[in-house]
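Here the structure is laid out as structure tokens; the discussion comes afterwards.
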Number of protein chains: 2
Amino acid sequence: MLVCFATQSACANNNDRSNANIDEQKNLPLVQKNAFTSENFITFGGKTIPSVTVGWESYGNLNAAKDNVILITHYFTGNSHAAGKYQLSDTTAGYWNDIIGPGKAIDTDRFYVISVDSLANLGVHDPNVITTGPASINPATGKPYGLDFPVVTIRDFVNVQKQLLTSLGISKLYAVVGPSMGSMQALDWAIAYPEWVERMISVIGAGEADAWTSANLEHWASPIKLDKHWQQGNYYDSQPPVDGLVASLMLITQDALYPDFFNQVGEQIGFSTSETGPLEDIRQTPSIVNWLKKRAQARAETMDANHLLYLVRACQLYVAGHQGDLKNALQKVQAKTLFLPAATDLLLMPYNVEKTHQLLLDSGKDSQLKILPGTLGHLEGVTGISKHAELINSFLNK
Amino acid sequence: MLVCFATQSACANNNDRSNANIDEQKNLPLVQKNAFTSENFITFGGKTIPSVTVGWESYGNLNAAKDNVILITHYFTGNSHAAGKYQLSDTTAGYWNDIIGPGKAIDTDRFYVISVDSLANLGVHDPNVITTGPASINPATGKPYGLDFPVVTIRDFVNVQKQLLTSLGISKLYAVVGPSMGSMQALDWAIAYPEWVERMISVIGAGEADAWTSANLEHWASPIKLDKHWQQGNYYDSQPPVDGLVASLMLITQDALYPDFFNQVGEQIGFSTSETGPLEDIRQTPSIVNWLKKRAQARAETMDANHLLYLVRACQLYVAGHQGDLKNALQKVQAKTLFLPAATDLLLMPYNVEKTHQLLLDSGKDSQLKILPGTLGHLEGVTGISKHAELINSFLNK
């Protein structure tokens, strides 16, 4: 097992709990991706994966009592790069850099913040992602698993995280915090291992994949399965189903945003219903479609289509606690909980966690809910997070 | 040109303005599909189609002054069967039968109600649909047009309707009323031919396909284009792209409904996140997905995939007035207008017609807007229409 907390140039060994370097000028942690391996990992579905390896990052220092740990669980298209940069020349920082860092809402001067790449991570070809999934080599055949990779669930992501944390001597989480698919992991943590979790923040989250959500997720899988290059997932020796993956990512982006965002982009790129190309030729598409496609094509370069199918399935199978009945599962929660759905979210609408929050209140639990204002849709909880920093900070001081 | 208003058994000639028979017991008009042909139809895009033929239906009697006409314009997956039955044994009536008929909100004892199949109508293989589109024979080649069929617009649907009405001696509409894509035609009518239109009701409608809507519509086209059987639209001599069409229809149904509907279906069919099939095998899908797919497969049987692409494009190119600038176009409106968006509509959200309504008010026009309550989503304006009958009836008496 490789464990690194180190500077950009050095990877320390397992016993080196040195802090990530801080670029004081930019108040930005410089971080490095580490790897954690679990042998003979048994999935929630009862299958054994001979070896799983996932990447992880950390920000801040683990204290002596090891009780200042905040776990960040990432969203569907994300990975463990939640904050900081790998090097100063990086054009972007981790996705929640606005709220994770020295003096920020999730204060790395106080907390040891850690984040882990999911199994079947979508960005498997991103050099900064380490994951195990259908694109990984199946040791039994020496070839990529493809659809022979077992179905994995949100609980499996949680269990990998727990093994990593345990390997670091950690047995308690000051908080677990995550957006979207990360919220699923956060709430499942609070039920699966209640004695671990003191605080749980679900951002743009869900208590379960209800029928609407389960059906809605399937539309993300459909374009991939329709791509002639998909070939039931056996495309690793041939051309991958890029067109299907791109169409899927286009839909995911649409689902994650609200009309305002698209209409602002439309203004910027000069979109008009009176464009001559789409009127003259059915094969041409409106400029806003071309914009969306170009964006998806760029993102698709580091992604794997089968991994997307596995993440869709993990989310479809999600019910917090993974024991069927949400109400009973929530009885186990010991953590203080905070739910932050977004008012304009079209993907995981507020009603979903409102129900979960109410079930917790009905059971006498300490739960709060605040609907995030804003017009960013689902992404109010990711790209729009800076506006809501104070809410998160206040809860962490509870 | 075949013009029929007749009973189920007889088709009268062009001069026979006899009323449709009424099944008094059920208060249900018995209707028949008629056909109207226009030669050398010139599209909004400037292309000539040698011959277009569309189906149409009517309910009620045309009065001597020919000033009691209400035109009903249909939605994306619909056709001119807005009310009544073709024969008493039909399992369902026309989609707005709850509000069209003797003594109903759109009272056929008073009004002559007429509805016309769109060009490139989706249900081209439905024996009760008559349309011209990419599946029609191109007289120049003797084979289906495929993608050689010209792009058609909402304005073209309007112009075909106007030709039909003119052929019947009609030159004024007491009202034009339509849901969804039908609302686009209704509002375009009021701008294109303002002297014709006295009242316009836009139900679950839009003033224009803004960038968000244009991009959103493209996801309906994507699965078809990805289907290996699509072959750039040249599939009429081989296997059609049924899987792509089914995936598209699944998404359309999802977009047209609200979570409550899916979750009620989920309860009825015993959907659960703990189903063993999807956990054990990535190739299996949750029961709610299977339900959605089965429904789409049944609908796909009478539909054509290329026609769907053309309807997507017609909607993508829509801006009321088809002159680019909506604000200026709306200056032409002479009709009293009523906008009825649905509160839970995820497809054409209320903001769209709220903007249009405000522009009309700002120009001193007589416009009303009422947001339909209910949890049916977009379909609040179709399957849920009976709840809103009084609103429509009141406006028609204005």
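Identifiers in the structure tokens: chain A, B, ... in order shown; residue index from 1 per chain; ligand index from 1 in order shown.
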
Given a cut-off of 7 Å, which residues of chain A touch chain B, counting only C-alpha atoms, written out as a VMD selection string?
chain A and resid 45 147 151 209 to 212 215 to 216 219 222 to 223 226 to 228 244 247 251 254 259 262 to 263 266 271 273 to 274 279 to 282 288 to 289 316 to 319 324

Pull the alpha helix (DSSP H) assignments for range 72-233 of chain B out of DSSP run on the backbone, and list those residues as a PyMOL selection string.
chain B and resi 154-167+181-192+211-226

Between B:Tyr95, B:Thr166, B:Gln87, B:Ile49, which residue has the minimum interatomic distance to Ala140 in chain B, considering only C-alpha atoms?
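Ranking B:Tyr95, B:Thr166, B:Gln87, B:Ile49 by distance to Ala140 in chain B, first place goes to B:Ile49.
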
Report as a ChimeraX atom specification all protein, DNA and RNA residues lying within 8 Å of Pro240 in chain B, evaluated on only C-alpha atoms, omitting residues in the same chain fewer than 5 positions from it.
/B:229-230,235,305

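Nearest residue to Val69 in chain B among B:Thr108, B:Thr302, B:Asn138, B:Asn121 is B:Thr108, counting only C-alpha atoms.
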
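Taking range 254-380 of chain A and asking which residues DSSP calls strand (DSSP E) on the backbone, you get Lys336, Thr337, Leu338, Phe339, Leu340, Ser367, Gln368 and Leu369 of chain A.
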
With all heavy atoms retained, could you export that selection as a PDB file, in the first residue's frame?
ATOM      1  N   LYS A 336     -25.096  14.126  13.950  1.00  0.00           N
ATOM      2  CA  LYS A 336     -25.870  15.308  13.604  1.00  0.00           C
ATOM      3  C   LYS A 336     -25.878  15.386  12.082  1.00  0.00           C
ATOM      4  O   LYS A 336     -24.828  15.206  11.440  1.00  0.00           O
ATOM      5  CB  LYS A 336     -25.210  16.572  14.155  1.00  0.00           C
ATOM      6  CG  LYS A 336     -25.083  16.647  15.664  1.00  0.00           C
ATOM      7  CD  LYS A 336     -24.466  17.987  16.049  1.00  0.00           C
ATOM      8  CE  LYS A 336     -24.291  18.135  17.541  1.00  0.00           C
ATOM      9  NZ  LYS A 336     -22.954  17.671  18.011  1.00  0.00           N
ATOM     10  N   THR A 337     -27.031  15.665  11.510  1.00  0.00           N
ATOM     11  CA  THR A 337     -27.090  15.678  10.035  1.00  0.00           C
ATOM     12  C   THR A 337     -27.551  17.035   9.514  1.00  0.00           C
ATOM     13  O   THR A 337     -28.365  17.711  10.142  1.00  0.00           O
ATOM     14  CB  THR A 337     -28.041  14.584   9.512  1.00  0.00           C
ATOM     15  OG1 THR A 337     -29.326  14.757  10.108  1.00  0.00           O
ATOM     16  CG2 THR A 337     -27.525  13.199   9.853  1.00  0.00           C
ATOM     17  N   LEU A 338     -26.990  17.390   8.359  1.00  0.00           N
ATOM     18  CA  LEU A 338     -27.373  18.624   7.664  1.00  0.00           C
ATOM     19  C   LEU A 338     -27.601  18.292   6.201  1.00  0.00           C
ATOM     20  O   LEU A 338     -26.727  17.729   5.533  1.00  0.00           O
ATOM     21  CB  LEU A 338     -26.253  19.674   7.784  1.00  0.00           C
ATOM     22  CG  LEU A 338     -26.432  20.957   6.964  1.00  0.00           C
ATOM     23  CD1 LEU A 338     -27.656  21.762   7.423  1.00  0.00           C
ATOM     24  CD2 LEU A 338     -25.169  21.826   7.037  1.00  0.00           C
ATOM     25  N   PHE A 339     -28.767  18.650   5.701  1.00  0.00           N
ATOM     26  CA  PHE A 339     -29.095  18.416   4.297  1.00  0.00           C
ATOM     27  C   PHE A 339     -29.164  19.753   3.568  1.00  0.00           C
ATOM     28  O   PHE A 339     -29.842  20.675   4.015  1.00  0.00           O
ATOM     29  CB  PHE A 339     -30.434  17.677   4.172  1.00  0.00           C
ATOM     30  CG  PHE A 339     -30.397  16.301   4.763  1.00  0.00           C
ATOM     31  CD1 PHE A 339     -30.725  16.091   6.106  1.00  0.00           C
ATOM     32  CD2 PHE A 339     -30.010  15.210   4.005  1.00  0.00           C
ATOM     33  CE1 PHE A 339     -30.675  14.813   6.658  1.00  0.00           C
ATOM     34  CE2 PHE A 339     -29.962  13.927   4.542  1.00  0.00           C
ATOM     35  CZ  PHE A 339     -30.288  13.726   5.887  1.00  0.00           C
ATOM     36  N   LEU A 340     -28.471  19.826   2.456  1.00  0.00           N
ATOM     37  CA  LEU A 340     -28.410  21.064   1.669  1.00  0.00           C
ATOM     38  C   LEU A 340     -28.806  20.799   0.208  1.00  0.00           C
ATOM     39  O   LEU A 340     -27.963  20.807  -0.687  1.00  0.00           O
ATOM     40  CB  LEU A 340     -27.002  21.663   1.732  1.00  0.00           C
ATOM     41  CG  LEU A 340     -26.482  22.066   3.119  1.00  0.00           C
ATOM     42  CD1 LEU A 340     -25.022  22.528   3.031  1.00  0.00           C
ATOM     43  CD2 LEU A 340     -27.346  23.150   3.746  1.00  0.00           C
ATOM     44  N   SER A 367     -31.386  16.807  13.147  1.00  0.00           N
ATOM     45  CA  SER A 367     -31.226  17.012  11.701  1.00  0.00           C
ATOM     46  C   SER A 367     -31.634  18.427  11.308  1.00  0.00           C
ATOM     47  O   SER A 367     -32.586  18.985  11.852  1.00  0.00           O
ATOM     48  CB  SER A 367     -32.078  15.992  10.930  1.00  0.00           C
ATOM     49  OG  SER A 367     -31.855  16.114   9.543  1.00  0.00           O
ATOM     50  N   GLN A 368     -30.893  18.981  10.373  1.00  0.00           N
ATOM     51  CA  GLN A 368     -31.205  20.299   9.822  1.00  0.00           C
ATOM     52  C   GLN A 368     -31.318  20.193   8.313  1.00  0.00           C
ATOM     53  O   GLN A 368     -30.668  19.340   7.695  1.00  0.00           O
ATOM     54  CB  GLN A 368     -30.079  21.303  10.119  1.00  0.00           C
ATOM     55  CG  GLN A 368     -29.904  21.693  11.558  1.00  0.00           C
ATOM     56  CD  GLN A 368     -28.685  22.609  11.695  1.00  0.00           C
ATOM     57  OE1 GLN A 368     -27.643  22.174  12.162  1.00  0.00           O
ATOM     58  NE2 GLN A 368     -28.823  23.863  11.286  1.00  0.00           N
ATOM     59  N   LEU A 369     -32.093  21.064   7.737  1.00  0.00           N
ATOM     60  CA  LEU A 369     -32.193  21.132   6.282  1.00  0.00           C
ATOM     61  C   LEU A 369     -32.297  22.585   5.863  1.00  0.00           C
ATOM     62  O   LEU A 369     -33.025  23.360   6.473  1.00  0.00           O
ATOM     63  CB  LEU A 369     -33.411  20.352   5.783  1.00  0.00           C
ATOM     64  CG  LEU A 369     -33.602  20.303   4.260  1.00  0.00           C
ATOM     65  CD1 LEU A 369     -34.129  18.943   3.815  1.00  0.00           C
ATOM     66  CD2 LEU A 369     -34.546  21.390   3.748  1.00  0.00           C
TER      67      LEU A 369
END

Would you mind telling me which residue in A:Ser51, A:Thr344, A:Ser115, A:Ser38 lies nearest to Ile72 in chain A when using only C-alpha atoms?
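Of the candidates, the smallest distance to Ile72 in chain A is held by A:Ser115.
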
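The space separating CA of Val176 in chain B from CA of Val129 in chain B comes to 20.9 Å.
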